[in-house]
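Undergrad: Pasting model-v2.cif here (mmCIF, C-alpha atoms):
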```cif
data_model
loop_
_atom_site.label_atom_id
_atom_site.label_comp_id
_atom_site.auth_asym_id
_atom_site.auth_seq_id
_atom_site.Cartn_x
_atom_site.Cartn_y
_atom_site.Cartn_z
CA MET A 80 6.69 -4.69 -35.98
CA GLU A 81 7.60 -1.07 -36.94
CA SER A 82 4.02 0.00 -37.40
CA SER A 83 3.11 -1.53 -34.07
CA GLN A 84 5.28 1.15 -32.44
CA ASP A 85 2.54 3.61 -33.34
CA LEU A 86 -0.18 1.64 -31.58
CA GLY A 87 -1.77 3.22 -28.54
CA ASP A 88 -1.29 1.80 -25.06
CA GLU A 89 -4.77 0.33 -24.89
CA GLU A 90 -4.38 -1.42 -28.27
CA LEU A 91 -1.08 -2.91 -27.15
CA VAL A 92 -2.65 -4.06 -23.88
CA ALA A 93 -5.53 -5.64 -25.81
CA LEU A 94 -3.05 -7.55 -27.99
CA CYS A 95 -1.20 -8.76 -24.89
CA GLN A 96 -4.49 -9.86 -23.38
CA GLN A 97 -5.15 -11.88 -26.54
CA GLY A 98 -1.94 -13.81 -25.91
CA GLN A 99 0.47 -11.78 -28.05
CA GLY A 100 2.80 -11.02 -25.17
CA HIS A 101 5.64 -9.73 -27.33
CA TYR A 102 3.71 -6.47 -27.78
CA PHE A 103 4.40 -5.76 -24.14
CA GLU A 104 8.00 -5.00 -25.11
CA ILE A 105 6.78 -1.83 -26.81
CA LEU A 106 5.17 -0.75 -23.54
CA VAL A 107 8.44 -1.50 -21.74
CA ARG A 108 10.37 0.70 -24.12
CA ARG A 109 7.74 3.40 -23.92
CA TYR A 110 7.60 3.58 -20.11
CA MET A 111 10.95 2.33 -18.86
CA GLU A 112 12.43 5.78 -18.28
CA LYS A 113 9.34 7.09 -16.52
CA ALA A 114 9.10 3.97 -14.35
CA PHE A 115 12.79 4.14 -13.50
CA HIS A 116 12.62 7.85 -12.63
CA ILE A 117 9.60 7.39 -10.35
CA ALA A 118 11.41 4.60 -8.54
CA TYR A 119 14.55 6.72 -8.39
CA ASP A 120 12.61 9.63 -6.88
CA PHE A 121 11.52 7.34 -4.07
CA THR A 122 14.75 5.44 -3.50
CA ARG A 123 17.58 7.73 -4.70
CA ASN A 124 19.49 4.62 -5.71
CA THR A 125 20.08 3.60 -9.31
CA GLU A 126 20.24 -0.17 -8.76
CA THR A 127 17.20 -0.27 -6.48
CA ALA A 128 15.26 1.95 -8.86
CA LYS A 129 16.14 -0.37 -11.73
CA ASP A 130 15.07 -3.48 -9.81
CA LEU A 131 11.83 -1.93 -8.59
CA SER A 132 10.83 -0.55 -11.97
CA GLN A 133 11.64 -3.86 -13.68
CA ASP A 134 9.56 -5.66 -11.04
CA ALA A 135 6.73 -3.28 -11.88
CA PHE A 136 6.88 -4.37 -15.53
CA LEU A 137 6.85 -8.03 -14.52
CA ARG A 138 3.89 -7.47 -12.25
CA ALA A 139 2.02 -5.48 -14.88
CA TYR A 140 2.60 -8.23 -17.44
CA ALA A 141 1.52 -10.96 -15.03
CA ASN A 142 -1.70 -9.06 -14.32
CA ILE A 143 -2.33 -7.71 -17.80
CA THR A 144 -5.56 -9.71 -18.12
CA ARG A 145 -6.91 -7.90 -15.07
CA PHE A 146 -6.47 -4.48 -16.68
CA ASP A 147 -10.04 -3.49 -17.52
CA GLY A 148 -9.39 -0.21 -19.30
CA ARG A 149 -11.32 1.88 -16.79
CA SER A 150 -8.19 3.99 -16.32
CA SER A 151 -5.41 4.62 -18.78
CA PHE A 152 -2.62 2.06 -18.90
CA TYR A 153 -0.04 4.48 -17.60
CA THR A 154 -2.00 5.48 -14.47
CA TRP A 155 -2.58 1.76 -13.79
CA PHE A 156 1.09 1.04 -14.36
CA TYR A 157 2.37 4.04 -12.35
CA ARG A 158 0.22 2.84 -9.48
CA ILE A 159 2.06 -0.48 -9.57
CA VAL A 160 5.42 1.34 -9.57
CA VAL A 161 4.44 3.63 -6.69
CA ASN A 162 3.06 0.74 -4.62
CA LEU A 163 6.26 -1.25 -5.11
CA CYS A 164 8.31 1.77 -4.06
CA LEU A 165 6.18 2.35 -0.95
CA ASP A 166 6.38 -1.37 -0.06
CA HIS A 167 10.13 -1.21 -0.47
CA ALA A 168 10.30 1.87 1.76
CA ARG A 169 8.15 0.12 4.39
CA ARG A 170 10.37 -2.95 4.32
CA ARG A 171 13.46 -0.85 4.78
CA GLY A 172 11.84 1.31 7.46
CA ARG A 173 12.85 4.56 5.87
CA VAL A 174 13.68 5.70 2.37
CA LEU A 175 17.38 6.15 1.93
CA TRP A 176 18.05 9.54 0.49
CA GLU A 177 21.48 10.15 -0.81
CA SER A 178 22.72 13.67 -0.46
CA LEU A 179 21.83 15.63 -3.56
CA ASP A 180 24.99 17.63 -3.34
CA LYS A 181 27.05 14.44 -3.33
CA THR A 182 29.21 15.85 -6.11
CA ALA A 183 30.23 18.73 -3.88
CA GLU A 184 31.75 16.23 -1.49
CA GLU A 185 33.94 14.64 -4.15
CA PRO A 186 37.66 15.58 -3.86
CA GLY A 187 37.90 17.09 -7.34
CA ARG A 188 34.83 19.09 -6.75
CA GLN A 189 36.15 20.30 -3.40
CA ARG A 190 39.33 21.57 -5.06
CA GLN A 191 37.32 23.42 -7.65
CA LEU A 192 35.27 25.04 -4.89
CA VAL A 193 38.39 26.16 -3.02
CA ASP A 194 39.93 27.64 -6.16
CA SER A 195 37.02 29.86 -7.04
CA GLN A 196 36.47 33.21 -5.34
CA HIS A 197 32.79 33.39 -4.45
CA GLN A 198 31.52 29.93 -5.23
CA PRO A 199 32.48 27.96 -2.09
CA ASP A 200 30.04 29.61 0.31
CA GLN A 201 27.23 29.59 -2.17
CA GLU A 202 27.81 25.96 -3.12
CA ALA A 203 27.98 24.94 0.53
CA ILE A 204 24.77 26.80 1.32
CA ALA A 205 23.01 25.33 -1.69
CA GLY A 206 24.20 21.91 -0.52
CA GLU A 207 22.89 22.52 2.96
CA ALA A 208 19.55 23.70 1.55
CA SER A 209 19.33 20.56 -0.59
CA ARG A 210 20.11 18.33 2.38
CA ARG A 211 17.47 20.07 4.44
CA ALA A 212 14.89 19.87 1.67
CA ASN A 213 15.57 16.19 1.12
CA ALA A 214 15.40 15.41 4.82
CA THR A 215 11.99 17.11 4.80
CA LEU A 216 10.94 15.10 1.78
CA GLU A 217 12.06 11.91 3.50
CA SER A 218 10.13 12.66 6.67
CA MET A 219 6.90 13.50 4.81
CA PRO A 220 3.92 11.15 5.04
CA ASN A 221 3.92 8.76 2.09
CA LYS A 222 0.86 10.29 0.44
CA GLN A 223 2.25 13.82 0.53
CA ARG A 224 5.58 12.65 -0.82
CA THR A 225 3.91 10.59 -3.55
CA ALA A 226 1.76 13.52 -4.66
CA PHE A 227 4.73 15.86 -4.62
CA LEU A 228 7.09 13.54 -6.48
CA LEU A 229 4.55 12.62 -9.14
CA ARG A 230 3.70 16.30 -9.75
CA ASN A 231 7.02 18.00 -9.25
CA GLN A 232 9.37 15.34 -10.57
CA GLU A 233 7.27 13.46 -13.11
CA GLY A 234 4.96 16.28 -14.16
CA LEU A 235 1.79 14.21 -13.86
CA PRO A 236 -1.39 16.30 -13.87
CA ILE A 237 -3.30 16.31 -10.56
CA ALA A 238 -6.18 14.43 -12.22
CA ASP A 239 -3.85 11.53 -13.08
CA ILE A 240 -2.16 11.59 -9.68
CA ALA A 241 -5.61 11.22 -8.14
CA LYS A 242 -6.17 8.10 -10.28
CA VAL A 243 -2.76 6.67 -9.41
CA MET A 244 -3.36 7.29 -5.71
CA LYS A 245 -7.04 6.30 -5.94
CA THR A 246 -8.20 9.48 -4.27
CA THR A 247 -9.88 12.75 -5.23
CA GLU A 248 -8.23 15.65 -7.01
CA GLY A 249 -9.05 17.86 -4.03
CA THR A 250 -7.13 15.55 -1.72
CA VAL A 251 -4.13 15.56 -4.06
CA ARG A 252 -4.19 19.39 -4.12
CA VAL A 253 -4.10 19.38 -0.31
CA TYR A 254 -1.21 16.86 -0.24
CA LEU A 255 0.70 18.91 -2.79
CA HIS A 256 0.21 22.16 -0.94
CA ARG A 257 1.23 20.57 2.37
CA ALA A 258 4.34 19.10 0.80
CA VAL A 259 5.36 22.45 -0.69
CA ALA A 260 4.53 24.21 2.60
CA ALA A 261 6.71 21.72 4.49
CA LEU A 262 9.57 22.26 2.06
CA ARG A 263 9.17 26.01 2.35
CA GLN A 264 9.24 25.71 6.13
CA SER A 265 12.43 23.66 6.00
CA LEU A 266 14.13 26.31 3.86
CA VAL A 267 12.82 29.37 5.63
CA GLU A 268 16.05 29.99 7.56
CA PHE A 269 17.98 30.35 4.32
CA VAL A 270 16.23 33.70 3.77
CA MET B 240 29.24 31.22 6.76
CA GLU B 241 26.47 33.44 5.46
CA LYS B 242 23.22 31.69 4.64
CA ARG B 243 21.79 33.92 1.97
CA VAL B 244 21.31 31.90 -1.17
CA THR B 245 17.98 30.13 -1.11
CA SER B 246 14.97 31.99 0.16
CA LEU B 247 11.39 30.85 0.17
CA GLN B 248 9.06 33.30 1.88
CA GLY B 249 5.39 32.92 2.61
CA ALA B 250 2.64 34.34 0.43
CA CYS B 251 -0.37 36.42 1.49
CA GLU B 252 -2.76 34.61 3.77
CA GLY B 253 -5.24 32.46 1.84
CA TYR B 254 -3.21 32.63 -1.36
CA GLU B 255 -0.54 30.05 -0.73
CA GLU B 256 -2.41 26.94 -1.89
CA ASP B 257 -3.73 28.77 -4.97
CA LEU B 258 -0.23 29.97 -5.79
CA VAL B 259 1.19 26.44 -5.53
CA LEU B 260 -1.51 25.22 -7.93
CA TYR B 261 -0.90 28.24 -10.16
CA TYR B 262 2.80 27.39 -10.24
CA TYR B 263 1.94 23.84 -11.36
CA ALA B 264 -0.60 25.21 -13.91
CA GLU B 265 -3.41 23.38 -12.16
CA THR B 266 -5.87 26.26 -11.85
CA GLY B 267 -8.91 26.96 -13.97
CA ALA B 268 -9.08 29.99 -16.27
CA SER B 269 -11.06 32.17 -13.86
CA GLU B 270 -8.84 31.29 -10.86
CA ARG B 271 -5.80 31.94 -12.97
CA ALA B 272 -7.05 35.37 -13.97
CA ALA B 273 -7.82 36.24 -10.34
CA ILE B 274 -4.37 35.14 -9.18
CA GLU B 275 -2.65 37.06 -11.95
CA GLN B 276 -4.62 40.15 -10.98
CA HIS B 277 -3.43 39.72 -7.39
CA LEU B 278 0.15 39.05 -8.45
CA ALA B 279 0.20 42.25 -10.47
CA GLN B 280 -0.17 44.26 -7.27
CA CYS B 281 1.47 42.00 -4.66
CA LEU B 282 5.26 41.91 -4.44
CA ARG B 283 5.23 39.30 -1.67
CA CYS B 284 3.24 36.75 -3.69
CA ARG B 285 5.34 37.44 -6.78
CA LYS B 286 8.41 36.67 -4.68
CA PHE B 287 6.72 33.49 -3.46
CA ILE B 288 6.09 32.32 -7.02
CA ASP B 289 9.65 33.23 -8.04
CA ASP B 290 11.01 31.24 -5.10
CA LEU B 291 8.93 28.20 -6.06
CA GLY B 292 10.25 28.47 -9.59
CA ARG B 293 13.82 28.63 -8.33
CA VAL B 294 13.69 25.90 -5.67
CA LEU B 295 11.22 23.25 -6.81
CA PRO B 296 12.81 22.35 -10.17
CA GLN B 297 16.06 21.66 -8.30
CA MET B 298 14.48 19.18 -5.94
CA ALA B 299 15.80 15.64 -6.35
CA PRO B 300 17.34 15.96 -9.82
CA LYS B 301 17.35 12.89 -12.02
CA PRO B 302 20.58 11.07 -12.76
CA GLU B 303 21.98 11.45 -16.25
CA LEU B 304 22.34 7.92 -17.55
CA PRO B 305 24.00 6.87 -20.81
CA GLN B 306 22.07 5.21 -23.62
CA ALA B 307 23.93 1.96 -22.82
CA PHE B 308 22.18 1.89 -19.46
CA TRP B 309 18.76 2.03 -21.13
CA ASP B 310 19.68 -0.58 -23.73
CA ASN B 311 20.84 -2.88 -20.95
CA TYR B 312 17.73 -2.06 -18.91
CA PHE B 313 15.48 -3.01 -21.81
CA ARG B 314 17.36 -6.26 -22.54
CA GLU B 315 17.26 -7.27 -18.86
CA THR B 316 13.56 -6.52 -18.54
CA VAL B 317 12.68 -8.51 -21.65
CA ALA B 318 14.82 -11.42 -20.40
CA LYS B 319 13.01 -11.32 -17.05
CA LEU B 320 9.65 -11.22 -18.83
CA ASP B 321 10.62 -14.26 -20.91
CA GLU B 322 11.73 -16.07 -17.77
CA GLN B 323 8.44 -15.26 -16.08
CA ALA B 324 6.48 -16.41 -19.13
CA ALA B 325 8.48 -19.66 -19.22
CA ARG B 326 7.66 -20.31 -15.56
CA GLN B 327 3.97 -19.69 -16.23
CA ASN B 328 4.08 -22.01 -19.23
CA TRP B 329 5.70 -24.72 -17.10
CA TRP B 330 2.77 -24.58 -14.71
CA ARG B 331 0.32 -24.53 -17.57
CA ARG B 332 1.93 -27.57 -19.19
CA TRP B 333 1.56 -29.52 -15.99
CA PHE B 334 -1.86 -28.45 -14.93
CA THR B 335 -3.85 -27.78 -18.09
CA PRO B 336 -4.28 -31.47 -19.12
CA MET B 337 -5.35 -32.26 -15.60
CA ASN B 338 -8.04 -29.60 -15.50
CA ASP B 339 -10.79 -32.11 -16.37
CA TRP B 340 -10.31 -34.14 -13.25
CA LEU B 341 -8.26 -31.79 -11.07
CA VAL B 342 -11.18 -29.76 -9.71
CA PRO B 343 -13.39 -32.75 -8.82
CA ALA B 344 -10.41 -34.54 -7.31
CA PHE B 345 -9.45 -31.58 -5.15
CA GLY B 346 -13.12 -31.13 -4.24
CA THR B 347 -13.41 -34.74 -3.09
CA ILE B 348 -10.18 -34.49 -1.10
CA ALA B 349 -11.34 -31.26 0.53
CA ILE B 350 -14.67 -32.83 1.55
CA ALA B 351 -12.91 -35.91 2.92
CA VAL B 352 -10.48 -33.79 4.92
CA PHE B 353 -13.36 -31.70 6.23
CA ALA B 354 -15.29 -34.80 7.29
CA ILE B 355 -12.24 -36.31 9.02
CA ALA B 356 -11.57 -33.03 10.78
CA LEU B 357 -15.18 -32.93 11.99
CA MET B 358 -14.95 -36.51 13.32
CA LEU B 359 -11.67 -35.81 15.07
CA GLU B 360 -13.08 -32.65 16.56
CA LYS B 361 -16.05 -34.62 17.96
CA GLY B 362 -13.71 -37.20 19.46
CA ASP B 363 -11.60 -34.49 21.00
CA PHE B 364 -14.66 -32.87 22.46
CA LYS B 365 -15.71 -36.11 24.14
CA SER B 366 -12.31 -36.79 25.56
CA THR B 367 -12.08 -33.20 26.74
CA ALA B 368 -15.45 -33.50 28.48
CA GLU B 369 -14.40 -36.74 30.10
CA THR B 370 -10.99 -35.65 31.20
CA ALA B 371 -11.76 -32.08 32.06
CA PRO B 372 -10.37 -31.11 35.48
CA VAL B 373 -13.02 -30.78 38.17
CA ASN B 374 -12.97 -27.20 39.17
CA ILE B 375 -16.55 -26.51 40.04
CA PRO B 376 -17.44 -23.63 42.37
CA ALA B 377 -19.19 -24.47 45.66
CA GLU B 378 -22.45 -22.72 44.66
CA VAL B 379 -22.68 -24.80 41.54
CA LEU B 380 -21.98 -27.97 43.50
CA VAL B 381 -24.89 -27.18 45.84
CA ASP B 382 -27.12 -26.68 42.82
CA SER B 383 -25.93 -29.94 41.31
CA ASN B 384 -26.71 -31.76 44.61
CA GLN B 385 -30.20 -30.37 44.42
CA LEU B 386 -30.45 -31.60 40.88
CA GLU B 387 -29.42 -35.08 42.06
CA PHE B 388 -32.08 -34.88 44.73
CA PHE B 389 -34.76 -33.95 42.25
CA LYS B 390 -33.64 -36.76 39.98
CA SER B 391 -34.12 -39.25 42.84
CA MET B 392 -37.48 -37.64 43.55
CA ASP B 393 -38.50 -38.31 39.98
CA ILE B 394 -37.51 -41.97 40.39
CA LEU B 395 -39.45 -42.25 43.62
CA GLU B 396 -42.49 -40.59 42.06
CA SER B 397 -42.28 -43.05 39.23
CA LEU B 398 -42.12 -45.87 41.78
CA SER B 399 -45.17 -44.46 43.61
CA THR B 400 -47.06 -44.27 40.37
CA LEU B 401 -46.18 -47.86 39.61
CA GLU B 402 -47.21 -48.96 43.09
CA GLU B 403 -50.48 -47.05 42.76
CA GLN B 404 -51.07 -48.73 39.47
CA ASP B 405 -50.42 -52.05 41.13
CA GLY B 406 -52.88 -51.10 43.93
CA ALA B 407 -50.23 -51.28 46.59
CA LYS B 408 -49.76 -48.56 49.30
CA PRO B 409 -46.61 -46.40 49.07
CA ALA B 410 -43.74 -47.48 51.31
CA ARG B 411 -43.00 -45.51 54.48
CA LYS B 412 -39.62 -44.46 53.40
CA THR B 413 -41.02 -42.97 50.25
CA SER B 414 -43.80 -41.06 52.03
CA HIS B 415 -41.22 -39.59 54.44
CA ILE B 416 -39.38 -38.06 51.57
CA GLU B 417 -42.57 -36.91 49.97
CA ASN B 418 -43.82 -35.25 53.19
CA GLY B 419 -40.56 -33.48 53.71
CA HIS B 420 -40.07 -32.12 50.21
CA SER B 421 -43.08 -32.34 48.03
CA GLY B 422 -46.62 -31.55 49.06
CA GLN B 423 -47.95 -32.36 45.63
CA SER B 424 -46.79 -35.95 45.86
CA VAL B 425 -48.41 -36.40 49.34
CA ALA B 426 -51.75 -35.26 48.07
#
```
Since I need it in another form, could you write the structure as structure tokens?
TA:
Amino acid sequence: MESSQDLGDEELVALCQQGQGHYFEILVRRYMEKAFHIAYDFTRNTETAKDLSQDAFLRAYANITRFDGRSSFYTWFYRIVVNLCLDHARRRGRVLWESLDKTAEEPGRQRQLVDSQHQPDQEAIAGEASRRANATLESMPNKQRTAFLLRNQEGLPIADIAKVMKTTEGTVRVYLHRAVAALRQSLVEFV
Amino acid sequence: MEKRVTSLQGACEGYEEDLVLYYYAETGASERAAIEQHLAQCLRCRKFIDDLGRVLPQMAPKPELPQAFWDNYFRETVAKLDEQAARQNWWRRWFTPMNDWLVPAFGTIAIAVFAIALMLEKGDFKSTAETAPVNIPAEVLVDSNQLEFFKSMDILESLSTLEEQDGAKPARKTSHIENGHSGQSVA
């Protein structure tokens, strides 16, 4: 099985389609971190991100025979992850965003901030900026947020994001710019 | 509290979208060269790019998870996949041997159900027509009375025809109706 680790995604998919399902485990190992991180970007919750990304693997495996190779496996799979995350957000009404500066609110962290000379203000301001930015991210339309998260957080090229979102590259560029513009707007008072 | 840590100012008009794409390395070679030429002489846009570089990488940082988390994640996922495969196999075991007759059987049942539904629907229609509440507007009732009249006229005409065929003269009562309502019949 060691040499099978070197097989490409499409070869592994083909083997799964021929009934050798155990090859799917290699795809799980290959994409589990990416899938988890995408789900985490959307949900900001470790357990939910784990459940959603694992569901994505189950769904991908159940539909592996439908994968026709017109797109790469990972864009097909990321689409499943993103759709599950958006469905989850719809079911919950809004995406729950935990404060990014959560650590700053921990007692130990607070003490450390009080002890230092110049840090407290700066940390508090950075925390406020993060809260504002994340509130903006939360209130963004789903497509803008998806484009932003896939580019900024996951580093997907715009061409691949367009495939994941089943839209044109031009549209993704617009979504991305609008997302960044909205974030800029939300942080403008911190000038 | 002084708010002077994170700044993110606007770029020159018409450059912002290009600069965002430039930041993400999503511009072509010629666009890139043009932007770099502009950046070389524009402090405001250079500041914009610097701000993007400072703020965007800090957005929604990923949690640092131990290797044990990933090992557990992998084990759980594989277990769930096995469970799913077992469920699918259970269905296959039950339904695969039946495939030869399952489709025709379901087809026959579907046709039978469809036929019964059609028959029931017809019955319902009849009973609905029979038991429908009489709520007919006055104008329609007048029209229906006229229809009744014309129906009786048809019967009388048929009677006249029969009488003519028999060589007998039409009855008085009949001719009265004919004179009053139908010139054609009088002639």
Undergrad: What are the residues of chain B that have an atom within 10 Å of an atom of chain A, counting all atoms listed in the file, as number ranges by chain?
TA: B: 240-249, 255-260, 263-265, 287, 290-291, 294-302, 304, 309-310, 312-317, 319-324, 327
Undergrad: Quick one: apply the PyMOL selection byres ((chain A and resi 221) around 12) to the file and drop the selected residues here as a PyMOL selection string.
TA: chain A and resi 121+161-162+164-166+168-169+173-174+215-220+222-229+244+254-255+258
Undergrad: For the residues in that selection, give me C-alpha atoms as an mmCIF file, keeping the file's coordinate frame.
TA:
```
data_model
loop_
_atom_site.group_PDB
_atom_site.id
_atom_site.type_symbol
_atom_site.label_atom_id
_atom_site.label_comp_id
_atom_site.auth_asym_id
_atom_site.auth_seq_id
_atom_site.Cartn_x
_atom_site.Cartn_y
_atom_site.Cartn_z
ATOM 1 C CA PHE A 121 11.520 7.340 -4.070
ATOM 2 C CA VAL A 161 4.440 3.630 -6.690
ATOM 3 C CA ASN A 162 3.060 0.740 -4.620
ATOM 4 C CA CYS A 164 8.310 1.770 -4.060
ATOM 5 C CA LEU A 165 6.180 2.350 -0.950
ATOM 6 C CA ASP A 166 6.380 -1.370 -0.060
ATOM 7 C CA ALA A 168 10.300 1.870 1.760
ATOM 8 C CA ARG A 169 8.150 0.120 4.390
ATOM 9 C CA ARG A 173 12.850 4.560 5.870
ATOM 10 C CA VAL A 174 13.680 5.700 2.370
ATOM 11 C CA THR A 215 11.990 17.110 4.800
ATOM 12 C CA LEU A 216 10.940 15.100 1.780
ATOM 13 C CA GLU A 217 12.060 11.910 3.500
ATOM 14 C CA SER A 218 10.130 12.660 6.670
ATOM 15 C CA MET A 219 6.900 13.500 4.810
ATOM 16 C CA PRO A 220 3.920 11.150 5.040
ATOM 17 C CA LYS A 222 0.860 10.290 0.440
ATOM 18 C CA GLN A 223 2.250 13.820 0.530
ATOM 19 C CA ARG A 224 5.580 12.650 -0.820
ATOM 20 C CA THR A 225 3.910 10.590 -3.550
ATOM 21 C CA ALA A 226 1.760 13.520 -4.660
ATOM 22 C CA PHE A 227 4.730 15.860 -4.620
ATOM 23 C CA LEU A 228 7.090 13.540 -6.480
ATOM 24 C CA LEU A 229 4.550 12.620 -9.140
ATOM 25 C CA MET A 244 -3.360 7.290 -5.710
ATOM 26 C CA TYR A 254 -1.210 16.860 -0.240
ATOM 27 C CA LEU A 255 0.700 18.910 -2.790
ATOM 28 C CA ALA A 258 4.340 19.100 0.800
#
```
Undergrad: Which distance in Å separates CA of Ala261 (chain A) and CA of Tyr157 (chain A), to one decimal?
TA: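 Straight-line distance from CA of Ala261 (chain A) to CA of Tyr157 (chain A) works out to 24.8 Å.
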Undergrad: Here is a test: counting all atoms listed in the file, which residue of A:Gly148, A:Ala118, A:Gln97, A:Leu106 is nearest to Gln84 (chain A)?
TA: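 Using all atoms listed in the file, the shortest distance to Gln84 (chain A) belongs to A:Leu106.
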Undergrad: Do you have the CA of Ala139 (chain A)-CA of Phe156 (chain A) distance handy?
TA: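 These atoms are spaced 6.6 Å apart.
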Undergrad: The PyMOL selection byres ((chain A and resi 242) around 10) - which residues does that actually catch in the file I just gave you? List them as a PyMOL selection string.
TA: chain A and resi 150-151+154-155+157-158+237-241+243-248+251
Undergrad: Can you put N, CA and C atoms back into region 149-169 of chain A and show it as a compact mmCIF listing (two decimals), keeping the file's coordinate frame?
TA:
```
# COMPACT_ATOMS: atom_id res chain seq x y z
N ARG A 149 -10.57 0.79 -17.42
CA ARG A 149 -11.32 1.88 -16.79
C ARG A 149 -10.44 3.11 -16.59
N SER A 150 -9.15 2.87 -16.38
CA SER A 150 -8.19 3.99 -16.32
C SER A 150 -7.22 3.79 -17.48
N SER A 151 -6.38 4.80 -17.70
CA SER A 151 -5.41 4.62 -18.78
C SER A 151 -4.34 3.63 -18.30
N PHE A 152 -3.64 3.04 -19.27
CA PHE A 152 -2.62 2.06 -18.90
C PHE A 152 -1.56 2.68 -18.00
N TYR A 153 -1.17 3.94 -18.35
CA TYR A 153 -0.04 4.48 -17.60
C TYR A 153 -0.39 4.82 -16.17
N THR A 154 -1.65 5.23 -15.89
CA THR A 154 -2.00 5.48 -14.47
C THR A 154 -2.04 4.14 -13.71
N TRP A 155 -2.55 3.10 -14.39
CA TRP A 155 -2.58 1.76 -13.79
C TRP A 155 -1.15 1.28 -13.51
N PHE A 156 -0.29 1.50 -14.49
CA PHE A 156 1.09 1.04 -14.36
C PHE A 156 1.86 1.87 -13.31
N TYR A 157 1.68 3.19 -13.32
CA TYR A 157 2.37 4.04 -12.35
C TYR A 157 1.95 3.66 -10.93
N ARG A 158 0.69 3.26 -10.81
CA ARG A 158 0.22 2.84 -9.48
C ARG A 158 1.02 1.62 -8.99
N ILE A 159 1.26 0.71 -9.92
CA ILE A 159 2.06 -0.48 -9.57
C ILE A 159 3.47 -0.05 -9.13
N VAL A 160 4.06 0.87 -9.90
CA VAL A 160 5.42 1.34 -9.57
C VAL A 160 5.44 1.99 -8.19
N VAL A 161 4.48 2.90 -7.97
CA VAL A 161 4.44 3.63 -6.69
C VAL A 161 4.23 2.66 -5.53
N ASN A 162 3.31 1.70 -5.70
CA ASN A 162 3.06 0.74 -4.62
C ASN A 162 4.29 -0.09 -4.30
N LEU A 163 5.02 -0.48 -5.34
CA LEU A 163 6.26 -1.25 -5.11
C LEU A 163 7.28 -0.40 -4.35
N CYS A 164 7.35 0.88 -4.73
CA CYS A 164 8.31 1.77 -4.06
C CYS A 164 7.92 1.96 -2.59
N LEU A 165 6.63 2.14 -2.34
CA LEU A 165 6.18 2.35 -0.95
C LEU A 165 6.39 1.08 -0.13
N ASP A 166 6.13 -0.08 -0.75
CA ASP A 166 6.38 -1.37 -0.06
C ASP A 166 7.85 -1.50 0.28
N HIS A 167 8.67 -1.13 -0.68
CA HIS A 167 10.13 -1.21 -0.47
C HIS A 167 10.54 -0.29 0.69
N ALA A 168 9.98 0.91 0.69
CA ALA A 168 10.30 1.87 1.76
C ALA A 168 9.84 1.32 3.12
N ARG A 169 8.67 0.69 3.14
CA ARG A 169 8.15 0.12 4.39
C ARG A 169 9.07 -1.01 4.88
```
